[in-house]
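Colleague: Sharing a structure with you now.
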Amino acid sequence: MIVANAAPAARMGIFSLLVGCSLLISAAEGVAQEKALKGFSFVEKIVASGAEPVYQVDGYQVQIVAGTDKEFRDTINSLSDVQAGTWVRFSGKRDSSGIMIAEKAIFYPVSSEAKRQDTSQLQTTAPQTDSLIDAEGQFKPLHSKVRMSDAGGWCGWHKVPAEGEQQARVRRIGNRLLPAYLNQMAEDQVIPRFRFFVVEEKVIRSELACNPGLVLIPGPVLDRLKTDDQLAAVLAAGIAYNVQSLRARLIARDKWFTAAEIAELSSLAMNPIAGLATNGAVGIAVHEHNLELELERGRLALSMMADAGYDPWQAPEAWKLLTPKRLPKNLSSLKYPRLSQYQRMVLDAQYKGRTLQR
């Protein structure tokens, strides 16, 4: 995936406080394996209620049992106060059915202090003629004189084909993938309206995650992915980036973590914002951190696809098709990249036997 305005140290420092180090990466084999499952995200939906509820969180299904060490913050006083959109920091282990049994869970509310951002002027459909789009999602006539310095990073000044069948297809799949909790949060000004556009881009074969809510799909992605299920995997990854970005903004706004908790969540080597810019370990840590974020997006994408009625088993197939610069004549010779391997592992652990609801 490509992120617009490729993350400065400050942004990476914020993110490094947020992601549970739930993965063990084998450098020799390039294979992702789950180690200790933990994370911090919001409840996507309540899978089962009762005395020992099951929540879908961060792409996992997490069960709170009698032995779970539970802690409630601010206006969250008990499990009965937990709903979709409630934030939870958790750790635990999978049982034989793939459900994570939580050993510890801390629940946080979402405050609503800011006024809702006016999104009424944001254009959600492509113009009727070919146009240019910048990183803010603003359109200009195709032959406008523009400066590359105003492009806003990877997402700036891409050619957007006129509104048509492909634009409508990408928009339809993207909107279908949007989880209900994100729409609810949008009413609270937490995240702006989502917009999905096809752009002409010859090199990039992944989604372009731009300013909050803006997801661009390069033409080569559409050329290689013929099914809606596979295209959904890429669009879901773009939505998942926005979930990660939202988390960072809410952490900064609501000041959930104490200094002690921040120290527990992140070492200085993984936190460039702490001022170790000259430490060689920082570059390695940022690389490992980016890897964790990529795999988290892959896991979130699976849950979004399944909830929207798309086949999550097509996600690893999509990234296998998108990875090589040129496709071989014999597609069976393609190997699964790291993200696909991780997704297949999660699918085997968590999605076997689940009925797809179209």
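Identifiers for the structure tokens are assigned positionally: chains receive A, B, ... in sequence, residues are indexed from 1 per chain, and ligands are indexed from 1 in the order shown.
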Write out as a list in words which residues come within 12 Å of range 73-76 of chain A when counting only C-alpha atoms, dropping same-chain ones fewer than 4 positions away.

Modeller: Ser80, Asp81, Val82, Gln83, Thr86, Trp87, Val88, Arg89, Ala105, Ile106, Phe107, Tyr108, Pro109, Val110, Ser111, Asp254, Lys255, Trp256 and Phe257 of chain A

Colleague: Put those residues in a file: C-alpha atoms, as a CSV table (one decimal), in the first residue's frame.

Modeller:
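Listed below is the output, part.csv:
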```
chain,number,residue,atom,x,y,z
A,80,SER,CA,-23.1,-3.5,29.5
A,81,ASP,CA,-21.8,-0.1,28.5
A,82,VAL,CA,-19.7,-1.6,25.7
A,83,GLN,CA,-21.0,-1.0,22.2
A,86,THR,CA,-16.0,1.5,22.1
A,87,TRP,CA,-12.3,1.3,22.2
A,88,VAL,CA,-10.5,-1.6,23.9
A,89,ARG,CA,-6.9,-2.5,24.6
A,105,ALA,CA,-9.1,-5.9,28.4
A,106,ILE,CA,-9.2,-2.1,29.1
A,107,PHE,CA,-12.2,-0.3,27.7
A,108,TYR,CA,-12.3,3.4,26.7
A,109,PRO,CA,-15.1,5.7,25.5
A,110,VAL,CA,-15.0,8.0,22.5
A,111,SER,CA,-15.5,11.6,23.5
A,254,ASP,CA,-8.5,12.2,24.0
A,255,LYS,CA,-5.2,11.6,25.8
A,256,TRP,CA,-6.1,8.0,26.9
A,257,PHE,CA,-2.6,6.8,27.8
```

Colleague: Which residues are close to Pro220 in chain A, i.e. within 8 Å by only C-alpha atoms, leaving aside same-chain residues fewer than 4 positions away? Reply as a list of chain:residue names.

Modeller: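 Counting only C-alpha atoms, the residues come to A:Glu201, A:Lys202, A:Val203, A:Ile204, A:Arg205, A:Arg224.
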
Colleague: For range 44-87 of chain A against range 287-302 of chain A, with a cut-off of 10 Å and counting only C-alpha atoms, what is the closest atom pair and its distance in Å to one decimal for every residue that makes the cut, ordered by chain and number, as a tab-separated table?

Modeller:
```
residue	atom	partner	partner_atom	distance
A:Glu44	CA	A:Leu300	CA	9.9
A:Val57	CA	A:Leu300	CA	8.8
A:Asp58	CA	A:Leu300	CA	6.0
A:Gly59	CA	A:Leu300	CA	4.5
A:Tyr60	CA	A:Arg299	CA	7.9
```

Colleague: Show me, as a list of chain:residue names, the residues that have an atom within 10 Å of Pro179 in chain A when counting only C-alpha atoms, minus same-chain residues fewer than 6 positions from it.

Modeller: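 The neighbour list is A:Glu44, A:Lys45, A:Ile239, A:Ser303, A:Met304, A:Met305, A:Asp307, A:Ala308.
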
Colleague: So that I can see what lies close to Gly67 in chain A, please list as a PyMOL selection string the residues with an atom at most 12 Å from it, counting only C-alpha atoms and leaving out residues fewer than 4 positions away in the same chain.

Modeller: chain A and resi 51-52+63+92+101-105

Colleague: Suppose you want the space between CA of Gln230 in chain A and CA of Arg247 in chain A; what is it in Å?

Modeller: 26.3 Å

Colleague: Please report the interatomic distance between CA of Glu207 in chain A and CA of Gly98 in chain A in Å with one decimal.

Modeller: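 For CA of Glu207 in chain A relative to CA of Gly98 in chain A, the distance reads 29.1 Å.
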
Colleague: Rounded to one decimal in Å, what is the spacing between CA of Val198 in chain A and CA of Ala162 in chain A?

Modeller: 9.3 Å

Colleague: Within 6 Å of Asp134 in chain A, counting only C-alpha atoms, which residues qualify if same-chain residues fewer than 2 places away don't, as number ranges by chain?

Modeller: A: 136-138, 151, 156-157

Colleague: Store the residues picked out above, limited to N, CA and C atoms, as a compact mmCIF listing (two decimals), in the first residue's frame.

Modeller:
```
# COMPACT_ATOMS: atom_id res chain seq x y z
N GLU A 136 -5.92 16.20 -1.58
CA GLU A 136 -7.08 16.58 -0.78
C GLU A 136 -8.38 16.06 -1.39
N GLY A 137 -8.27 15.48 -2.60
CA GLY A 137 -9.48 15.01 -3.27
C GLY A 137 -10.19 16.08 -4.05
N GLN A 138 -9.49 17.19 -4.33
CA GLN A 138 -10.07 18.27 -5.11
C GLN A 138 -9.75 18.05 -6.59
N ALA A 151 1.23 18.84 -5.12
CA ALA A 151 0.53 17.59 -5.36
C ALA A 151 0.08 16.92 -4.07
N GLY A 156 -1.19 13.05 -5.17
CA GLY A 156 -1.46 14.30 -5.88
C GLY A 156 -1.30 14.22 -7.39
N TRP A 157 -2.17 14.93 -8.06
CA TRP A 157 -2.16 15.11 -9.51
C TRP A 157 -2.16 13.79 -10.27
```

Colleague: For Val215 in chain A, please output as a PDB file with C-alpha atoms, in the first residue's frame all residues within 8 Å (counting only C-alpha atoms; exclusion window: fewer than 4 positions along the same chain).

Modeller:
```
ATOM      1  CA  PHE A 194     -15.223   8.207   2.392  1.00  0.00           C
ATOM      2  CA  ARG A 195     -14.613   8.649  -1.329  1.00  0.00           C
ATOM      3  CA  PHE A 196     -13.294   6.080  -3.793  1.00  0.00           C
ATOM      4  CA  PHE A 197     -11.906   6.876  -7.259  1.00  0.00           C
ATOM      5  CA  GLU A 207      -4.429   1.274  -3.117  1.00  0.00           C
ATOM      6  CA  LEU A 208      -3.363   4.870  -2.522  1.00  0.00           C
ATOM      7  CA  ALA A 209      -4.408   5.933   0.974  1.00  0.00           C
ATOM      8  CA  CYS A 210      -4.657   9.689   0.948  1.00  0.00           C
ATOM      9  CA  LEU A 235     -10.346  -1.269  -1.118  1.00  0.00           C
ATOM     10  CA  GLY A 238      -7.464   1.489   2.122  1.00  0.00           C
ATOM     11  CA  ILE A 239     -10.319   1.716   4.614  1.00  0.00           C
TER      12      ILE A 239
END
```

Colleague: So that I can check the surroundings of Ala84 in chain A, please list as a PyMOL selection string every protein, DNA and RNA residue that reaches within 9 Å of it, counting only C-alpha atoms and ignoring chain neighbours fewer than 4 positions away.

Modeller: chain A and resi 42-46+55+180-181

Colleague: Return as a count of residues only the full set of residues in range 61-208 of chain A whose backbone-based DSSP assignment is alpha helix (DSSP H).

Modeller: 20
